[in-house]
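Source file: start-v7.txt; contents: compact mmCIF, C-alpha atoms and all ligand atoms.
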# COMPACT_ATOMS: atom_id res chain seq x y z
CA MET A 1 197.26 74.41 -84.01
CA SER A 2 198.97 72.19 -86.58
CA LEU A 3 197.83 68.59 -87.04
CA LEU A 4 201.30 67.36 -86.02
CA GLU A 5 203.52 69.38 -83.70
CA VAL A 6 206.92 67.98 -82.82
CA SER A 7 209.24 69.83 -80.48
CA GLY A 8 212.48 69.23 -78.62
CA LEU A 9 212.68 65.61 -79.72
CA ASN A 10 215.79 63.72 -78.58
CA SER A 11 216.18 60.03 -79.39
CA TYR A 12 218.90 57.53 -78.59
CA TYR A 13 219.93 53.99 -79.46
CA GLY A 14 221.50 52.90 -76.21
CA ASP A 15 224.07 55.57 -75.43
CA SER A 16 224.16 56.93 -78.99
CA HIS A 17 222.38 60.25 -79.24
CA ILE A 18 220.74 60.24 -82.69
CA LEU A 19 218.10 63.03 -82.78
CA PHE A 20 218.85 66.47 -81.37
CA ASP A 21 215.95 68.77 -80.50
CA VAL A 22 214.02 67.92 -83.65
CA GLU A 23 211.20 70.35 -84.40
CA MET A 24 208.57 69.80 -87.10
CA ARG A 25 205.08 70.93 -87.88
CA VAL A 26 202.69 69.42 -90.37
CA GLU A 27 199.39 71.03 -91.25
CA LYS A 28 196.27 69.06 -92.05
CA ASN A 29 196.18 68.07 -95.76
CA GLU A 30 199.86 68.86 -96.18
CA VAL A 31 202.54 66.67 -97.79
CA VAL A 32 205.85 67.30 -96.07
CA ALA A 33 209.14 65.66 -97.01
CA LEU A 34 212.06 64.87 -94.75
CA LEU A 35 215.31 64.69 -96.69
CA GLY A 36 218.84 63.85 -95.63
CA ARG A 37 221.84 61.69 -96.34
CA ASN A 38 222.13 58.04 -95.37
CA GLY A 39 222.29 57.77 -91.60
CA ALA A 40 221.08 61.35 -91.07
CA GLY A 41 218.23 60.23 -88.82
CA LYS A 42 215.22 60.17 -91.16
CA SER A 43 213.95 56.71 -90.21
CA THR A 44 214.71 57.36 -86.54
CA THR A 45 212.57 60.50 -86.74
CA LEU A 46 209.62 58.59 -88.20
CA LYS A 47 210.08 55.76 -85.68
CA SER A 48 210.19 58.30 -82.84
CA LEU A 49 206.92 59.84 -84.02
CA MET A 50 205.32 56.40 -84.24
CA GLY A 51 206.62 55.17 -80.88
CA VAL A 52 208.71 52.39 -82.42
CA VAL A 53 211.60 54.27 -80.84
CA THR A 54 210.62 56.01 -77.61
CA PRO A 55 212.11 59.50 -77.57
CA ARG A 56 213.99 60.34 -74.38
CA THR A 57 212.67 63.88 -74.30
CA GLY A 58 210.35 66.03 -76.35
CA SER A 59 206.79 66.33 -77.45
CA VAL A 60 204.82 64.78 -80.32
CA LYS A 61 201.30 66.12 -80.54
CA LEU A 62 198.79 64.79 -83.04
CA ASP A 63 195.56 66.77 -83.13
CA GLY A 64 196.50 68.21 -79.74
CA VAL A 65 197.04 64.79 -78.11
CA GLU A 66 200.47 64.12 -76.57
CA LEU A 67 201.93 60.87 -77.94
CA ALA A 68 205.62 61.06 -77.03
CA SER A 69 205.62 58.48 -74.24
CA ARG A 70 203.12 56.07 -75.75
CA LYS A 71 203.64 52.72 -77.46
CA ALA A 72 203.18 52.24 -81.17
CA HIS A 73 199.79 50.49 -80.96
CA SER A 74 198.38 53.32 -78.88
CA ILE A 75 199.77 55.90 -81.30
CA ALA A 76 198.23 53.95 -84.20
CA ARG A 77 194.87 54.15 -82.48
CA GLN A 78 195.25 57.94 -82.32
CA GLY A 79 195.50 58.01 -86.11
CA MET A 80 199.14 57.70 -87.10
CA GLN A 81 200.52 55.04 -89.44
CA LEU A 82 204.11 54.30 -90.44
CA VAL A 83 205.00 52.40 -93.60
CA HIS A 84 208.49 51.05 -92.85
CA GLU A 85 211.52 50.98 -95.16
CA ASN A 86 211.35 47.20 -95.25
CA ARG A 87 207.76 46.50 -96.21
CA ARG A 88 205.96 44.53 -93.57
CA ILE A 89 203.31 42.30 -95.00
CA PHE A 90 202.21 38.79 -94.15
CA GLY A 91 203.61 36.53 -96.84
CA SER A 92 201.34 33.61 -96.02
CA LEU A 93 198.15 35.67 -96.33
CA ASN A 94 196.72 36.90 -99.59
CA VAL A 95 196.39 40.56 -100.53
CA GLU A 96 192.82 40.97 -99.38
CA GLU A 97 193.43 39.15 -96.08
CA ASN A 98 196.43 41.40 -95.44
CA ILE A 99 194.30 44.50 -95.91
CA ILE A 100 191.36 43.25 -93.85
CA LEU A 101 193.60 42.14 -91.00
CA ALA A 102 195.31 45.53 -90.88
CA GLY A 103 191.96 47.27 -90.59
CA LEU A 104 190.47 45.05 -87.90
CA THR A 105 191.33 47.11 -84.83
CA ALA A 106 190.98 50.55 -86.44
CA PRO A 107 188.30 52.92 -85.14
CA ASN A 108 187.51 53.95 -88.75
CA ARG A 109 188.11 51.98 -91.89
CA TRP A 110 188.29 52.60 -95.59
CA PRO A 111 185.97 50.34 -97.58
CA LEU A 112 187.97 47.80 -99.62
CA GLU A 113 186.66 49.32 -102.84
CA ARG A 114 188.33 52.61 -102.01
CA ILE A 115 191.67 50.81 -101.59
CA TYR A 116 191.16 49.04 -104.89
CA THR A 117 190.28 52.26 -106.69
CA MET A 118 193.56 53.72 -105.49
CA PHE A 119 195.55 50.57 -106.34
CA PRO A 120 193.79 48.68 -109.16
CA ARG A 121 196.77 46.34 -109.28
CA LEU A 122 195.93 45.12 -105.78
CA LYS A 123 192.41 44.30 -106.88
CA GLU A 124 193.78 42.18 -109.72
CA ARG A 125 196.08 40.46 -107.22
CA ARG A 126 193.57 40.21 -104.36
CA THR A 127 193.88 36.42 -104.03
CA SER A 128 197.67 36.28 -104.46
CA ARG A 129 199.79 35.49 -101.44
CA GLY A 130 202.10 38.18 -100.08
CA THR A 131 205.16 36.16 -101.00
CA ASP A 132 204.08 36.04 -104.67
CA LEU A 133 203.96 39.82 -105.09
CA SER A 134 206.56 41.93 -106.90
CA GLY A 135 208.43 44.59 -104.92
CA GLY A 136 206.11 47.29 -106.25
CA GLU A 137 203.00 45.30 -105.38
CA GLN A 138 204.34 44.67 -101.88
CA GLN A 139 204.88 48.39 -101.44
CA MET A 140 201.34 49.13 -102.64
CA LEU A 141 200.06 46.55 -100.15
CA ALA A 142 202.12 48.03 -97.32
CA ILE A 143 200.63 51.45 -98.05
CA ALA A 144 197.14 49.96 -98.42
CA ARG A 145 197.48 48.30 -95.00
CA ALA A 146 198.18 51.70 -93.49
CA LEU A 147 195.42 53.50 -95.39
CA VAL A 148 192.68 51.02 -94.55
CA ARG A 149 192.88 52.34 -90.97
CA ASP A 150 191.95 55.81 -92.25
CA PRO A 151 194.93 57.52 -90.56
CA LYS A 152 195.00 61.22 -89.78
CA ILE A 153 198.62 61.15 -90.87
CA ILE A 154 200.67 58.58 -92.74
CA LEU A 155 204.47 58.39 -92.54
CA LEU A 156 206.13 56.85 -95.59
CA ASP A 157 209.76 55.74 -95.24
CA GLU A 158 211.38 55.52 -98.69
CA PRO A 159 208.30 54.13 -100.45
CA PHE A 160 209.94 54.27 -103.89
CA GLU A 161 213.27 52.72 -102.97
CA GLY A 162 214.46 49.86 -105.14
CA LEU A 163 211.45 49.95 -107.44
CA ALA A 164 211.43 50.14 -111.23
CA PRO A 165 210.73 53.63 -112.64
CA VAL A 166 207.39 52.55 -114.12
CA ILE A 167 206.24 51.35 -110.67
CA VAL A 168 207.54 54.52 -109.02
CA HIS A 169 205.45 56.47 -111.52
CA ASP A 170 202.30 54.56 -110.52
CA LEU A 171 203.02 54.97 -106.83
CA VAL A 172 203.71 58.70 -107.17
CA ARG A 173 200.37 59.04 -108.93
CA ALA A 174 198.61 57.14 -106.15
CA CYS A 175 200.28 59.36 -103.55
CA ARG A 176 199.25 62.46 -105.46
CA ASP A 177 195.63 61.23 -105.57
CA LEU A 178 195.85 60.62 -101.85
CA ALA A 179 197.18 64.10 -101.21
CA GLN A 180 194.45 65.58 -103.37
CA ALA A 181 191.89 63.69 -101.32
CA GLY A 182 193.28 65.52 -98.30
CA GLN A 183 195.50 62.83 -96.80
CA THR A 184 198.26 64.30 -94.64
CA ILE A 185 201.61 62.68 -95.49
CA VAL A 186 205.16 62.80 -94.18
CA LEU A 187 207.48 61.41 -96.83
CA VAL A 188 211.08 60.29 -96.43
CA GLU A 189 212.74 59.72 -99.79
CA GLN A 190 216.06 59.63 -101.59
CA ASN A 191 214.33 60.11 -104.94
CA LEU A 192 214.47 63.89 -105.12
CA ALA A 193 212.36 64.28 -108.25
CA ALA A 194 209.52 62.21 -106.82
CA THR A 195 209.77 64.04 -103.50
CA LEU A 196 209.62 67.49 -105.00
CA ALA A 197 206.73 66.39 -107.21
CA LEU A 198 204.69 65.45 -104.16
CA ALA A 199 205.72 67.59 -101.22
CA SER A 200 204.90 71.24 -100.76
CA ARG A 201 207.27 71.70 -97.85
CA VAL A 202 210.59 70.13 -96.98
CA TYR A 203 212.74 69.62 -93.90
CA ILE A 204 216.39 68.63 -94.22
CA ILE A 205 217.96 66.63 -91.42
CA ASN A 206 221.71 66.32 -91.01
CA ASN A 207 223.43 64.33 -88.23
CA GLY A 208 220.17 64.31 -86.30
CA HIS A 209 219.63 68.08 -86.52
CA ILE A 210 216.97 69.79 -88.61
CA VAL A 211 219.11 72.17 -90.65
CA HIS A 212 216.59 73.57 -93.12
CA GLU A 213 212.87 74.08 -93.49
CA GLY A 214 211.24 75.64 -96.51
CA SER A 215 208.95 75.20 -99.49
CA ALA A 216 209.72 72.60 -102.13
CA ALA A 217 209.80 75.39 -104.73
CA GLU A 218 212.44 77.23 -102.73
CA LEU A 219 214.58 74.12 -102.49
CA LYS A 220 214.41 73.57 -106.25
CA ALA A 221 215.65 77.13 -106.70
CA GLN A 222 218.55 76.64 -104.27
CA PRO A 223 220.72 73.83 -105.62
CA GLY A 224 223.42 74.91 -103.16
CA LEU A 225 221.35 73.57 -100.25
CA LEU A 226 220.87 70.23 -101.95
CA GLN A 227 224.59 70.04 -102.64
CA GLN A 228 225.49 70.98 -99.07
CA TYR A 229 223.15 68.63 -97.23
CA LEU A 230 222.33 65.88 -99.68
CA GLY A 231 225.40 65.80 -101.89
CA VAL A 232 223.37 65.97 -105.10
N1 LIG B 1 218.81 49.98 -84.23
C1 LIG B 1 219.87 50.81 -84.21
N2 LIG B 1 220.82 50.71 -83.25
C2 LIG B 1 221.87 51.55 -83.22
N3 LIG B 1 222.08 52.55 -84.11
C3 LIG B 1 221.17 52.71 -85.08
C4 LIG B 1 220.01 51.84 -85.19
N4 LIG B 1 219.29 52.23 -86.26
C5 LIG B 1 219.95 53.28 -86.80
N5 LIG B 1 221.08 53.57 -86.09
C6 LIG B 1 222.00 54.67 -86.35
O1 LIG B 1 221.29 55.88 -86.18
C7 LIG B 1 221.68 56.84 -87.15
C8 LIG B 1 220.45 57.29 -87.91
O2 LIG B 1 219.92 56.19 -88.63
P1 LIG B 1 218.58 56.27 -89.48
O3 LIG B 1 218.23 54.89 -89.85
O4 LIG B 1 217.60 57.07 -88.76
O5 LIG B 1 219.09 57.08 -90.75
P2 LIG B 1 218.35 57.37 -92.14
O6 LIG B 1 218.45 58.84 -92.37
O7 LIG B 1 217.03 56.75 -92.15
O8 LIG B 1 219.34 56.64 -93.17
P3 LIG B 1 219.02 55.81 -94.53
O9 LIG B 1 218.92 56.84 -95.60
O10 LIG B 1 220.22 54.96 -94.69
O11 LIG B 1 217.76 55.03 -94.33
C9 LIG B 1 222.72 56.16 -88.02
O12 LIG B 1 223.98 56.54 -87.54
C10 LIG B 1 222.49 54.69 -87.78
O13 LIG B 1 223.69 53.97 -87.92
MG MG B 2 216.17 55.24 -93.24
Mind turning the file's structure into structure tokens?
Amino acid sequence: MSLLEVSGLNSYYGDSHILFDVEMRVEKNEVVALLGRNGAGKSTTLKSLMGVVTPRTGSVKLDGVELASRKAHSIARQGMQLVHENRRIFGSLNVEENIILAGLTAPNRWPLERIYTMFPRLKERRTSRGTDLSGGEQQMLAIARALVRDPKIILLDEPFEGLAPVIVHDLVRACRDLAQAGQTIVLVEQNLAATLALASRVYIINNGHIVHEGSAAELKAQPGLLQQYLGV
């Protein structure tokens, strides 16, 4: 049994059919990337896993537990966390309050020191309000808020988007440390270099259909696939 098993997933916005029979598997300790063009259905896939969008049909099993018809808070309690494209932090609270609040209802929690070891910048900024953080710091905080709940799996939606290369470098390093510590990650990214540096396996989604699944190494060796599905 894989940690995450997704099968036959179909999601809609109103009458618009967006995801078509999406199938994915993620093993424990694995970093898997989901790639695709703008509008391909990457965020909708993550939202459907997390219950932000309720899939019309299909199965999402985490650790053998069926989640497909549940609400997001219930799915979070089962050990899944989604870090959205638009970082969601509380601007009026400071960094440390943001982290503590996120952890309050979690069955297991990371100690604050573990968060600060992963993101030393957040420790330096612990008393700064959310609104005073740079884009990179906000992203670190958004990830920290997910990690403090000690998730079985974390879904990252374009965590490096719009950030300066030096910040991306720091975040990639933090993600790699996380992966090495055994954190299971599903990563959606447009930054191909960062993705292939982190993920061992890749799915490509196109118009709501999974059109390719393979190792990251294989994808690097097949530029034709990248050209065909990603236009790079
Ligand atoms: N709330 C919504 N209501 C209606 N249609 C939506 C909604 N959100 C997304 N869509 C549509 O669903 C399709 C998939 O969107 P989605 O956001 O999943 O794509 P994406 O792969 O994440 O793209 P991007 O790279 O731009 O983030 C697109 O055609 C988009 O226009
Ligand atoms: Mg998206």
Write out as a Markdown table a residue-level contact list of chain A versus ligand MG 2 (chain B) with cut-off 9 Å: for each qualifying residue the closest pair of atoms and the distance in Å to one decimal, counting all atoms listed in the file, rows sorted by chain and residue number upward.
| residue | atom | partner | partner_atom | distance |
| --- | --- | --- | --- | --- |
| A:Asn38 | CA | B:MG2 | MG | 6.9 |
| A:Gly39 | CA | B:MG2 | MG | 6.8 |
| A:Ala40 | CA | B:MG2 | MG | 8.1 |
| A:Gly41 | CA | B:MG2 | MG | 7.0 |
| A:Lys42 | CA | B:MG2 | MG | 5.4 |
| A:Ser43 | CA | B:MG2 | MG | 4.0 |
| A:Thr44 | CA | B:MG2 | MG | 7.2 |
| A:Leu46 | CA | B:MG2 | MG | 8.9 |
| A:His84 | CA | B:MG2 | MG | 8.8 |
| A:Glu85 | CA | B:MG2 | MG | 6.6 |
| A:Asp157 | CA | B:MG2 | MG | 6.7 |
| A:Glu158 | CA | B:MG2 | MG | 7.3 |
| A:Val188 | CA | B:MG2 | MG | 7.8 |
| A:Glu189 | CA | B:MG2 | MG | 8.6 |
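Considering only C-alpha atoms and all ligand atoms, the residue among A:Met80, A:Leu219, A:Ile205, A:Ala33 positioned nearest to ligand LIG 1 (chain B) is A:Ile205.
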Neighbours of region 150-153 of chain A within 9 Å (all atoms listed in the file; same-chain residues fewer than 4 positions away dropped), as a PyMOL selection string?
-> chain A and resi 3-4+28-29+62-63+76-82+103+106-110+146+183-186
May I ask for the distance between CA of Leu35 (chain A) and atom O6 of ligand LIG 1 (chain B), given in Å to one decimal place?
-> 7.9 Å
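Going from CA of Gly91 (chain A) to CA of Thr127 (chain A) covers 12.1 Å.
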Excluding Met118 (chain A) and any residue of its chain fewer than 5 positions from it, enumerate the residues within 10 Å of it, using all atoms listed in the file, and give them as a list in words.
->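 After dropping sequence-adjacent residues, the list is Glu113, Lys123, Met140, Ala144, Leu171, Arg173, Ala174, Cys175, Asp177 and Leu178 of chain A.
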For Lys61 (chain A), which residue among A:Arg37, A:Asn86, A:Glu30, A:Ser7 is the nearest when counting only C-alpha atoms?
->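 When distances to Lys61 (chain A) are compared using only C-alpha atoms, the smallest one comes from A:Ser7.
Of the listed residues (A:Leu155, A:Leu49, A:Leu225, A:Val31), A:Leu225 comes nearest to Val211 (chain A); the distances count all atoms listed in the file.
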Residue with smallest distance to ligand LIG 1 (chain B) - pool A:Gly8, A:Gly14, A:Pro111, A:Gly182, counting all atoms listed in the file =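 Of all the options, A:Gly14 lies closest to ligand LIG 1 (chain B).
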One decimal, Å: what's the distance from CA of Gly208 (chain A) over to CA of Leu19 (chain A), could you say?
-> 4.3 Å
If we count all atoms listed in the file, what is near Lys220 (chain A) at a cut-off of 9 Å, once residues fewer than 5 positions away on the same chain are taken out, given as an MDAnalysis selection string?
-> chainID A and resid 196 215 226
How about saving the chosen residues, C-alpha atoms kept, as a PDB file, keeping the file's coordinate frame?
ATOM      1  CA  LEU A 196     209.620  67.490-105.000  1.00  0.00           C
ATOM      2  CA  SER A 215     208.950  75.200 -99.490  1.00  0.00           C
ATOM      3  CA  LEU A 226     220.870  70.230-101.950  1.00  0.00           C
TER       4      LEU A 226
END
A:Ser2, A:Glu161, A:Glu97, A:His212: which is nearest ligand LIG 1 (chain B), counting all atoms listed in the file?
->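 Checking each of A:Ser2, A:Glu161, A:Glu97, A:His212 against ligand LIG 1 (chain B), counting all atoms listed in the file, the winner is A:Glu161.
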Between A:Val22, A:Val60, A:Val232, A:Leu34, which is the closest to ligand LIG 1 (chain B) once you count all atoms listed in the file?
->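 Once distances to ligand LIG 1 (chain B) are computed over all atoms listed in the file, the minimum belongs to A:Leu34.
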Selection as a PyMOL selection string: residues within 8 Å of (211.6, 63.8, -79.6), counting all atoms listed in the file = chain A and resi 6-11+19-22+45+48-49+55-60+68
